[in-house]
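Q: File model26.cif below, mmCIF, C-alpha atoms:
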data_input
loop_
_atom_site.label_atom_id
_atom_site.label_comp_id
_atom_site.auth_asym_id
_atom_site.auth_seq_id
_atom_site.Cartn_x
_atom_site.Cartn_y
_atom_site.Cartn_z
CA MET A 1 -69.62 128.66 -4.59
CA LYS A 2 -71.95 128.70 -7.59
CA ARG A 3 -70.45 130.35 -10.67
CA LEU A 4 -72.12 130.67 -14.08
CA ILE A 5 -70.82 131.62 -17.51
CA ILE A 6 -73.59 132.66 -19.89
CA ASN A 7 -71.97 132.36 -23.30
CA SER A 8 -73.55 133.49 -26.55
CA ASP A 9 -72.38 131.60 -29.60
CA ASP A 10 -72.16 133.10 -33.11
CA TYR A 11 -70.69 136.56 -32.50
CA GLY A 12 -70.03 137.99 -35.94
CA ARG A 13 -72.60 135.79 -37.72
CA THR A 14 -74.14 139.09 -38.87
CA PRO A 15 -73.63 142.64 -37.57
CA ASP A 16 -77.21 142.57 -36.21
CA ILE A 17 -76.57 139.37 -34.28
CA SER A 18 -73.37 140.88 -32.87
CA ARG A 19 -75.30 144.01 -31.85
CA GLY A 20 -77.87 141.86 -30.06
CA ILE A 21 -75.18 139.95 -28.19
CA ARG A 22 -73.61 143.20 -27.00
CA GLU A 23 -77.03 144.36 -25.80
CA ALA A 24 -77.57 141.03 -24.01
CA HIS A 25 -74.35 141.75 -22.14
CA LEU A 26 -74.83 145.46 -21.44
CA ASN A 27 -78.51 145.21 -20.48
CA GLY A 28 -78.79 141.56 -19.52
CA VAL A 29 -76.92 138.57 -18.14
CA VAL A 30 -74.69 137.39 -21.01
CA THR A 31 -71.09 137.38 -19.79
CA SER A 32 -69.21 135.82 -22.69
CA THR A 33 -69.32 135.22 -26.44
CA THR A 34 -67.39 133.39 -29.12
CA CYS A 35 -66.46 134.93 -32.47
CA MET A 36 -66.79 133.44 -35.95
CA MET A 37 -63.58 134.82 -37.38
CA ASN A 38 -63.95 133.40 -40.90
CA ILE A 39 -66.84 135.80 -41.62
CA PRO A 40 -65.50 139.00 -43.27
CA THR A 41 -67.51 141.41 -41.07
CA THR A 42 -66.57 139.78 -37.76
CA ALA A 43 -63.30 141.66 -37.36
CA ASN A 44 -65.18 144.97 -37.35
CA ASP A 45 -67.78 143.60 -34.92
CA LEU A 46 -64.99 142.36 -32.66
CA ALA A 47 -63.30 145.76 -32.68
CA ILE A 48 -66.62 147.30 -31.59
CA ALA A 49 -66.95 144.77 -28.75
CA VAL A 50 -63.43 145.49 -27.47
CA HIS A 51 -64.37 149.19 -27.26
CA GLU A 52 -68.04 149.07 -26.18
CA THR A 53 -68.15 145.93 -23.99
CA PRO A 54 -64.74 145.64 -22.30
CA LYS A 55 -66.07 143.25 -19.63
CA LEU A 56 -67.56 140.81 -22.17
CA GLY A 57 -65.50 137.61 -22.37
CA LEU A 58 -64.35 137.02 -25.95
CA GLY A 59 -63.44 133.60 -27.30
CA VAL A 60 -63.21 131.95 -30.71
CA HIS A 61 -66.06 129.94 -32.23
CA LEU A 62 -64.00 127.55 -34.35
CA VAL A 63 -65.73 127.08 -37.71
CA LEU A 64 -65.69 124.14 -40.10
CA THR A 65 -69.36 124.06 -41.18
CA MET A 66 -70.22 127.54 -42.50
CA GLY A 67 -68.84 130.10 -44.92
CA LYS A 68 -65.36 130.02 -46.41
CA PRO A 69 -62.10 129.16 -44.67
CA ILE A 70 -59.61 131.91 -43.96
CA LEU A 71 -56.87 129.90 -45.66
CA PRO A 72 -56.95 129.40 -49.44
CA PRO A 73 -59.16 126.41 -50.31
CA GLU A 74 -56.28 124.70 -52.09
CA ALA A 75 -54.36 124.70 -48.78
CA VAL A 76 -57.19 122.87 -46.96
CA PRO A 77 -58.88 120.67 -49.59
CA SER A 78 -60.14 118.08 -47.09
CA ILE A 79 -62.40 120.60 -45.32
CA VAL A 80 -64.04 122.37 -48.30
CA ASP A 81 -66.47 121.54 -51.10
CA THR A 82 -65.85 121.97 -54.83
CA ASP A 83 -66.69 125.70 -54.54
CA GLY A 84 -64.11 126.26 -51.80
CA ASN A 85 -66.70 126.63 -49.04
CA HIS A 86 -66.84 124.81 -45.73
CA LEU A 87 -69.09 121.77 -45.88
CA LYS A 88 -72.57 122.14 -44.42
CA TYR A 89 -73.55 120.20 -41.30
CA ASN A 90 -74.64 116.86 -42.78
CA PRO A 91 -71.97 116.70 -45.53
CA PHE A 92 -69.37 117.58 -42.89
CA ILE A 93 -70.40 114.62 -40.73
CA ALA A 94 -70.32 112.35 -43.78
CA ASN A 95 -66.84 113.65 -44.60
CA LEU A 96 -65.34 113.08 -41.13
CA PRO A 97 -63.23 110.06 -42.22
CA ASN A 98 -61.60 112.18 -44.93
CA LEU A 99 -60.54 115.16 -42.81
CA LYS A 100 -56.82 115.87 -42.60
CA MET A 101 -56.05 117.09 -39.11
CA ASP A 102 -53.08 119.16 -40.20
CA GLN A 103 -55.45 121.11 -42.47
CA VAL A 104 -58.11 121.43 -39.76
CA LYS A 105 -55.60 122.76 -37.24
CA ALA A 106 -54.07 125.13 -39.77
CA GLU A 107 -57.48 126.67 -40.47
CA TRP A 108 -58.40 126.84 -36.79
CA ARG A 109 -55.05 128.46 -36.03
CA ALA A 110 -55.70 131.04 -38.75
CA GLN A 111 -59.05 131.87 -37.12
CA ILE A 112 -57.42 132.24 -33.69
CA GLU A 113 -54.62 134.38 -35.08
CA ARG A 114 -57.11 136.69 -36.80
CA PHE A 115 -58.87 137.08 -33.45
CA ILE A 116 -55.61 137.98 -31.70
CA ARG A 117 -54.64 140.52 -34.36
CA THR A 118 -58.06 142.18 -34.10
CA ALA A 119 -58.67 142.03 -30.34
CA GLY A 120 -55.07 142.60 -29.30
CA ARG A 121 -55.22 139.69 -26.88
CA LYS A 122 -55.67 135.93 -26.82
CA PRO A 123 -59.19 134.46 -26.63
CA THR A 124 -60.67 133.56 -23.26
CA HIS A 125 -61.70 130.14 -24.60
CA LEU A 126 -62.42 127.96 -27.60
CA ASP A 127 -65.66 126.31 -28.65
CA SER A 128 -67.03 125.48 -32.09
CA HIS A 129 -69.87 126.14 -34.50
CA HIS A 130 -72.36 123.23 -34.48
CA HIS A 131 -70.05 121.61 -31.85
CA SER A 132 -67.96 120.39 -34.81
CA SER A 133 -64.74 120.20 -32.75
CA PHE A 134 -66.37 117.49 -30.63
CA PHE A 135 -67.61 115.21 -33.44
CA ALA A 136 -64.51 112.99 -33.48
CA PRO A 137 -61.76 112.27 -30.96
CA GLU A 138 -59.15 113.58 -33.40
CA LEU A 139 -60.98 116.89 -33.74
CA PHE A 140 -61.29 117.25 -29.98
CA ARG A 141 -57.59 116.48 -29.56
CA GLY A 142 -56.76 119.15 -32.14
CA MET A 143 -58.86 121.68 -30.25
CA LEU A 144 -57.19 120.72 -26.95
CA GLU A 145 -53.74 121.10 -28.50
CA LEU A 146 -54.62 124.62 -29.65
CA ALA A 147 -56.11 125.53 -26.26
CA LYS A 148 -52.85 124.44 -24.64
CA GLU A 149 -50.79 126.33 -27.23
CA TYR A 150 -52.75 129.56 -26.71
CA ASP A 151 -53.27 128.98 -22.95
CA CYS A 152 -57.05 129.38 -23.00
CA ALA A 153 -60.04 127.49 -21.64
CA ILE A 154 -62.49 125.33 -23.57
CA ARG A 155 -66.17 124.51 -23.62
CA PHE A 156 -66.76 121.02 -22.23
CA PRO A 157 -70.13 119.76 -23.55
CA PHE A 158 -70.01 116.18 -22.35
CA THR A 159 -72.26 116.56 -19.32
CA GLU A 160 -75.23 116.25 -21.75
CA VAL A 161 -74.15 113.92 -24.55
CA SER A 162 -76.05 114.04 -27.84
CA SER A 163 -75.73 111.36 -30.51
CA GLU A 164 -73.14 113.40 -32.44
CA LEU A 165 -70.86 113.49 -29.40
CA GLU A 166 -71.15 109.85 -28.32
CA GLU A 167 -67.96 108.59 -29.97
CA THR A 168 -65.81 111.43 -28.65
CA ALA A 169 -67.40 111.13 -25.20
CA LYS A 170 -65.86 107.65 -24.93
CA HIS A 171 -62.40 109.26 -25.12
CA ALA A 172 -63.16 112.46 -23.18
CA ALA A 173 -61.88 111.25 -19.79
CA ASP A 174 -58.52 110.15 -21.21
CA LEU A 175 -58.11 113.40 -23.13
CA MET A 176 -58.98 115.42 -20.03
CA ASN A 177 -56.36 113.55 -18.06
CA GLU A 178 -53.79 114.19 -20.78
CA PHE A 179 -54.44 117.91 -21.33
CA ASN A 180 -56.33 119.04 -18.19
CA PRO A 181 -57.70 122.21 -19.82
CA ARG A 182 -59.53 124.89 -17.88
CA ARG A 183 -63.24 124.25 -18.39
CA PRO A 184 -66.59 124.48 -16.59
CA ASP A 185 -67.90 121.52 -14.64
CA THR A 186 -71.41 121.53 -16.12
CA PHE A 187 -72.87 122.49 -19.51
CA PHE A 188 -76.48 123.59 -20.02
CA VAL A 189 -77.61 123.22 -23.63
CA ASN A 190 -81.38 123.20 -23.27
CA PHE A 191 -82.00 126.97 -23.49
CA TYR A 192 -82.43 126.66 -27.27
CA ASP A 193 -85.20 126.83 -29.88
CA THR A 194 -88.50 125.71 -28.29
CA GLY A 195 -86.61 125.39 -25.00
CA ALA A 196 -85.59 129.06 -25.03
CA THR A 197 -88.29 130.15 -22.61
CA SER A 198 -88.40 132.01 -19.33
CA GLU A 199 -89.56 128.84 -17.62
CA VAL A 200 -86.63 126.77 -18.88
CA LEU A 201 -84.15 129.48 -17.95
CA SER A 202 -85.67 129.73 -14.49
CA GLN A 203 -85.23 125.97 -14.00
CA ILE A 204 -81.61 126.14 -15.20
CA ILE A 205 -80.89 128.86 -12.66
CA GLN A 206 -82.37 126.66 -9.94
CA ASP A 207 -80.28 123.71 -11.13
CA VAL A 208 -76.92 125.53 -11.02
CA SER A 209 -74.84 123.69 -8.43
CA ASP A 210 -71.53 124.36 -6.69
CA GLY A 211 -68.63 124.77 -9.08
CA THR A 212 -68.71 126.42 -12.49
CA SER A 213 -71.42 125.96 -15.10
CA GLU A 214 -71.80 127.21 -18.67
CA LEU A 215 -75.14 128.11 -20.24
CA MET A 216 -75.08 128.27 -24.04
CA CYS A 217 -77.35 130.81 -25.73
CA HIS A 218 -77.89 132.49 -29.11
CA PRO A 219 -79.39 136.00 -28.73
CA GLY A 220 -79.36 138.54 -31.54
CA TYR A 221 -81.30 140.78 -33.87
CA VAL A 222 -82.42 139.22 -37.14
CA ASP A 223 -83.36 140.72 -40.50
CA GLU A 224 -85.34 139.08 -43.30
CA ALA A 225 -82.23 138.19 -45.30
CA PHE A 226 -80.79 136.18 -42.42
CA ALA A 227 -84.20 134.65 -41.70
CA GLN A 228 -84.22 133.26 -45.24
CA GLU A 229 -80.71 131.87 -44.84
CA SER A 230 -80.87 130.23 -41.40
CA VAL A 231 -83.50 128.07 -39.71
CA TYR A 232 -82.44 129.46 -36.32
CA ASN A 233 -83.52 133.04 -36.90
CA PHE A 234 -86.22 134.88 -34.97
CA GLN A 235 -85.74 132.54 -32.02
CA ARG A 236 -82.66 134.69 -31.38
CA GLU A 237 -84.77 137.78 -30.72
CA ARG A 238 -86.87 135.80 -28.25
CA GLU A 239 -83.69 134.74 -26.45
CA LEU A 240 -82.52 138.37 -26.38
CA LYS A 241 -85.78 139.51 -24.80
CA ILE A 242 -85.58 136.83 -22.10
CA LEU A 243 -81.90 137.39 -21.32
CA THR A 244 -82.43 141.14 -20.84
CA ASP A 245 -85.46 140.71 -18.56
CA PRO A 246 -84.48 142.23 -15.17
CA SER A 247 -86.15 139.34 -13.36
CA VAL A 248 -83.49 136.94 -14.70
CA LYS A 249 -80.66 138.87 -13.08
CA GLN A 250 -82.70 139.08 -9.89
CA ALA A 251 -83.21 135.29 -9.88
CA ILE A 252 -79.48 134.69 -10.41
CA GLU A 253 -78.66 136.93 -7.46
CA ALA A 254 -81.36 135.33 -5.32
CA HIS A 255 -79.79 131.89 -5.86
CA GLY A 256 -76.34 133.14 -4.85
CA ILE A 257 -74.84 132.66 -8.32
CA GLU A 258 -71.80 134.66 -9.41
CA LEU A 259 -71.70 135.54 -13.11
CA ILE A 260 -68.20 135.11 -14.59
CA THR A 261 -66.35 134.59 -17.88
CA PHE A 262 -63.97 131.84 -18.99
CA ALA A 263 -61.11 134.18 -18.05
CA ASN A 264 -62.03 133.60 -14.39
CA LEU A 265 -61.40 129.86 -14.56
#
Spit out the file's structure as C-alpha cells when you get a sec.
A:
Amino acid sequence: MKRLIINSDDYGRTPDISRGIREAHLNGVVTSTTCMMNIPTTANDLAIAVHETPKLGLGVHLVLTMGKPILPPEAVPSIVDTDGNHLKYNPFIANLPNLKMDQVKAEWRAQIERFIRTAGRKPTHLDSHHHSSFFAPELFRGMLELAKEYDCAIRFPFTEVSSELEETAKHAADLMNEFNPRRPDTFFVNFYDTGATSEVLSQIIQDVSDGTSELMCHPGYVDEAFAQESVYNFQRERELKILTDPSVKQAIEAHGIELITFANL
C-alpha cells in the first residue's frame, strides 16, 4: 500500500502563512503541519486550526534558529546570542560544539508543552526548523528521547542526505535501532524553491512507492513585511497554488496513494 503524508512546515511563522496552510489542507492535499511554538502568535493560530481543520495533523516544528526561546535566555545561554535570540542558521552551525544538550532539551520541551496546553493533545510528530535537530548526533538523540517521552512520531530525513546531515547520518541506523520511533520510510525534500513546480510534484507522485512517504512543503500567504524578512517568501504562494490544484488530488488518487497524517503511523 502506498501512503503519503504531505506536511507543511512553519505553521505559525506568520498568521498569513498559517492561513495559507489551512487552505492548503481544506482545499488541497496538505494533510499535516508542524507548529513553531516559540512565536507569540502561533498559539492563536493553533487554536484556530484545532477548530477549523480538525483532520489536519498537528506536530511541533522544534526551533533553535529563529526568534526567541520560550525559556528565559539566562536559562539557556548556550543556544542564544547576546540579545537573547536564537542564533541564525550559519552562527548556529558554527556554535554546535558549544551547545548544552540539557538546555536544548529544556527549550524543546517548553515548546512541546506549550503545544499541548494550546491544542489539548500531544503532537502527532516532531520535526525541526532548518532541520536543526538533525545537524549533530546529540541533537538527534535529544529529539528521539522527547519523541519517546511524548509517544509521537518523527520526521526521518536521511533518505536524501544533504551536507548538513552527513555526520548524523553515520549514526542514524544505530539510533533507529535504539529508539525505533514511528517514522515514514521515504522523505521527499525536492518540492522547494525552484523545485516547487507542478512538474516536480507530478514526478514525486509517480515515485511514491509501497510503504509510507513524507513530502515536505511550505505553502502560505505572504505580505511585504515578511517578504523583506525572509528569502523564502513568495515561493510559498506558488506552492499554495500548486497544492490546491484539483489535478494534484486526481493524480494522487490515480496512482492509488492514500493520504494520511503521522497519527496513522
Q: Could you list, as a PyMOL selection string, every residue matched by the PyMOL selection byres ((chain A and resi 192) around 9) in this structure?
A: chain A and resi 189-191+193-197+216-218+235+239
Q: For the file shown, report as a VMD selection string the outcome of the PyMOL selection byres ((chain A and resi 42) around 12) at residue level.
A: chain A and resid 10 to 19 34 to 41 43 to 49 60 to 61 111 114 to 115 118 to 119
Q: Restricted to C-alpha atoms, what would the selected residues look like written as a tab-separated table (two decimals), keeping the file's coordinate frame?
A:
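Output (again_25.tsv):
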chain	number	residue	atom	x	y	z
A	10	ASP	CA	-72.16	133.10	-33.11
A	11	TYR	CA	-70.69	136.56	-32.50
A	12	GLY	CA	-70.03	137.99	-35.94
A	13	ARG	CA	-72.60	135.79	-37.72
A	14	THR	CA	-74.14	139.09	-38.87
A	15	PRO	CA	-73.63	142.64	-37.57
A	16	ASP	CA	-77.21	142.57	-36.21
A	17	ILE	CA	-76.57	139.37	-34.28
A	18	SER	CA	-73.37	140.88	-32.87
A	19	ARG	CA	-75.30	144.01	-31.85
A	34	THR	CA	-67.39	133.39	-29.12
A	35	CYS	CA	-66.46	134.93	-32.47
A	36	MET	CA	-66.79	133.44	-35.95
A	37	MET	CA	-63.58	134.82	-37.38
A	38	ASN	CA	-63.95	133.40	-40.90
A	39	ILE	CA	-66.84	135.80	-41.62
A	40	PRO	CA	-65.50	139.00	-43.27
A	41	THR	CA	-67.51	141.41	-41.07
A	43	ALA	CA	-63.30	141.66	-37.36
A	44	ASN	CA	-65.18	144.97	-37.35
A	45	ASP	CA	-67.78	143.60	-34.92
A	46	LEU	CA	-64.99	142.36	-32.66
A	47	ALA	CA	-63.30	145.76	-32.68
A	48	ILE	CA	-66.62	147.30	-31.59
A	49	ALA	CA	-66.95	144.77	-28.75
A	60	VAL	CA	-63.21	131.95	-30.71
A	61	HIS	CA	-66.06	129.94	-32.23
A	111	GLN	CA	-59.05	131.87	-37.12
A	114	ARG	CA	-57.11	136.69	-36.80
A	115	PHE	CA	-58.87	137.08	-33.45
A	118	THR	CA	-58.06	142.18	-34.10
A	119	ALA	CA	-58.67	142.03	-30.34
Q: Considering all atoms listed in the file, can you say which of A:Met66, A:Ser198, A:Tyr150, A:Phe135 comes closest to Lys170 in chain A?
A: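 Of A:Met66, A:Ser198, A:Tyr150, A:Phe135, the one nearest Lys170 in chain A is A:Phe135, counting all atoms listed in the file.
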Q: Enumerate, as a list of chain:residue names, the residues matched when the PyMOL selection byres ((chain A and resi 122) around 10) is run on the file above.
A: A:Leu58, A:Gly59, A:Val60, A:Ile112, A:Glu113, A:Phe115, A:Ile116, A:Arg117, A:Thr118, A:Ala119, A:Gly120, A:Arg121, A:Pro123, A:Thr124, A:His125, A:Tyr150, A:Asp151, A:Cys152
Q: In Å to one decimal, how far is CA of Ser78 in chain A from CA of Asp102 in chain A?
A: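 Separation between CA of Asp102 in chain A and CA of Ser78 in chain A: 9.9 Å.
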Q: How about completing range 168-188 of chain A with N, CA and C atoms and giving it to me as a PDB file, keeping the file's coordinate frame?
A:
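Final output, rebuild09.pdb:
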ATOM      1  N   THR A 168     -66.844 110.655 -29.321  1.00  0.00           N
ATOM      2  CA  THR A 168     -65.810 111.430 -28.650  1.00  0.00           C
ATOM      3  C   THR A 168     -65.943 111.327 -27.131  1.00  0.00           C
ATOM      4  N   ALA A 169     -67.182 111.234 -26.641  1.00  0.00           N
ATOM      5  CA  ALA A 169     -67.400 111.130 -25.200  1.00  0.00           C
ATOM      6  C   ALA A 169     -66.690 109.915 -24.608  1.00  0.00           C
ATOM      7  N   LYS A 170     -66.548 108.848 -25.413  1.00  0.00           N
ATOM      8  CA  LYS A 170     -65.860 107.650 -24.930  1.00  0.00           C
ATOM      9  C   LYS A 170     -64.392 107.935 -24.613  1.00  0.00           C
ATOM     10  N   HIS A 171     -63.822 108.941 -25.274  1.00  0.00           N
ATOM     11  CA  HIS A 171     -62.400 109.260 -25.120  1.00  0.00           C
ATOM     12  C   HIS A 171     -62.180 110.510 -24.264  1.00  0.00           C
ATOM     13  N   ALA A 172     -63.269 111.156 -23.852  1.00  0.00           N
ATOM     14  CA  ALA A 172     -63.160 112.460 -23.180  1.00  0.00           C
ATOM     15  C   ALA A 172     -62.345 112.378 -21.893  1.00  0.00           C
ATOM     16  N   ALA A 173     -62.583 111.350 -21.083  1.00  0.00           N
ATOM     17  CA  ALA A 173     -61.880 111.250 -19.790  1.00  0.00           C
ATOM     18  C   ALA A 173     -60.372 111.142 -20.001  1.00  0.00           C
ATOM     19  N   ASP A 174     -59.955 110.306 -20.950  1.00  0.00           N
ATOM     20  CA  ASP A 174     -58.520 110.150 -21.210  1.00  0.00           C
ATOM     21  C   ASP A 174     -57.915 111.453 -21.725  1.00  0.00           C
ATOM     22  N   LEU A 175     -58.626 112.142 -22.591  1.00  0.00           N
ATOM     23  CA  LEU A 175     -58.110 113.400 -23.130  1.00  0.00           C
ATOM     24  C   LEU A 175     -58.053 114.473 -22.051  1.00  0.00           C
ATOM     25  N   MET A 176     -59.018 114.467 -21.142  1.00  0.00           N
ATOM     26  CA  MET A 176     -58.980 115.420 -20.030  1.00  0.00           C
ATOM     27  C   MET A 176     -57.787 115.156 -19.123  1.00  0.00           C
ATOM     28  N   ASN A 177     -57.510 113.894 -18.893  1.00  0.00           N
ATOM     29  CA  ASN A 177     -56.360 113.550 -18.060  1.00  0.00           C
ATOM     30  C   ASN A 177     -55.050 113.967 -18.735  1.00  0.00           C
ATOM     31  N   GLU A 178     -55.017 113.860 -20.046  1.00  0.00           N
ATOM     32  CA  GLU A 178     -53.790 114.190 -20.780  1.00  0.00           C
ATOM     33  C   GLU A 178     -53.556 115.699 -20.841  1.00  0.00           C
ATOM     34  N   PHE A 179     -54.610 116.474 -21.097  1.00  0.00           N
ATOM     35  CA  PHE A 179     -54.440 117.910 -21.330  1.00  0.00           C
ATOM     36  C   PHE A 179     -54.852 118.775 -20.134  1.00  0.00           C
ATOM     37  N   ASN A 180     -55.826 118.310 -19.361  1.00  0.00           N
ATOM     38  CA  ASN A 180     -56.330 119.040 -18.190  1.00  0.00           C
ATOM     39  C   ASN A 180     -56.584 120.518 -18.494  1.00  0.00           C
ATOM     40  N   PRO A 181     -57.432 120.811 -19.483  1.00  0.00           N
ATOM     41  CA  PRO A 181     -57.700 122.210 -19.820  1.00  0.00           C
ATOM     42  C   PRO A 181     -58.617 122.859 -18.792  1.00  0.00           C
ATOM     43  N   ARG A 182     -58.550 124.163 -18.691  1.00  0.00           N
ATOM     44  CA  ARG A 182     -59.530 124.890 -17.880  1.00  0.00           C
ATOM     45  C   ARG A 182     -60.886 124.777 -18.579  1.00  0.00           C
ATOM     46  N   ARG A 183     -61.912 124.404 -17.809  1.00  0.00           N
ATOM     47  CA  ARG A 183     -63.240 124.250 -18.390  1.00  0.00           C
ATOM     48  C   ARG A 183     -64.272 124.240 -17.278  1.00  0.00           C
ATOM     49  N   PRO A 184     -65.535 124.578 -17.592  1.00  0.00           N
ATOM     50  CA  PRO A 184     -66.590 124.480 -16.590  1.00  0.00           C
ATOM     51  C   PRO A 184     -66.873 123.026 -16.228  1.00  0.00           C
ATOM     52  N   ASP A 185     -67.553 122.854 -15.105  1.00  0.00           N
ATOM     53  CA  ASP A 185     -67.900 121.520 -14.640  1.00  0.00           C
ATOM     54  C   ASP A 185     -69.174 120.994 -15.300  1.00  0.00           C
ATOM     55  N   THR A 186     -70.088 121.903 -15.627  1.00  0.00           N
ATOM     56  CA  THR A 186     -71.410 121.530 -16.120  1.00  0.00           C
ATOM     57  C   THR A 186     -71.762 122.386 -17.334  1.00  0.00           C
ATOM     58  N   PHE A 187     -72.475 121.790 -18.280  1.00  0.00           N
ATOM     59  CA  PHE A 187     -72.870 122.490 -19.510  1.00  0.00           C
ATOM     60  C   PHE A 187     -74.374 122.395 -19.680  1.00  0.00           C
ATOM     61  N   PHE A 188     -75.041 123.545 -19.787  1.00  0.00           N
ATOM     62  CA  PHE A 188     -76.480 123.590 -20.020  1.00  0.00           C
ATOM     63  C   PHE A 188     -76.738 123.945 -21.481  1.00  0.00           C
TER      64      PHE A 188
END
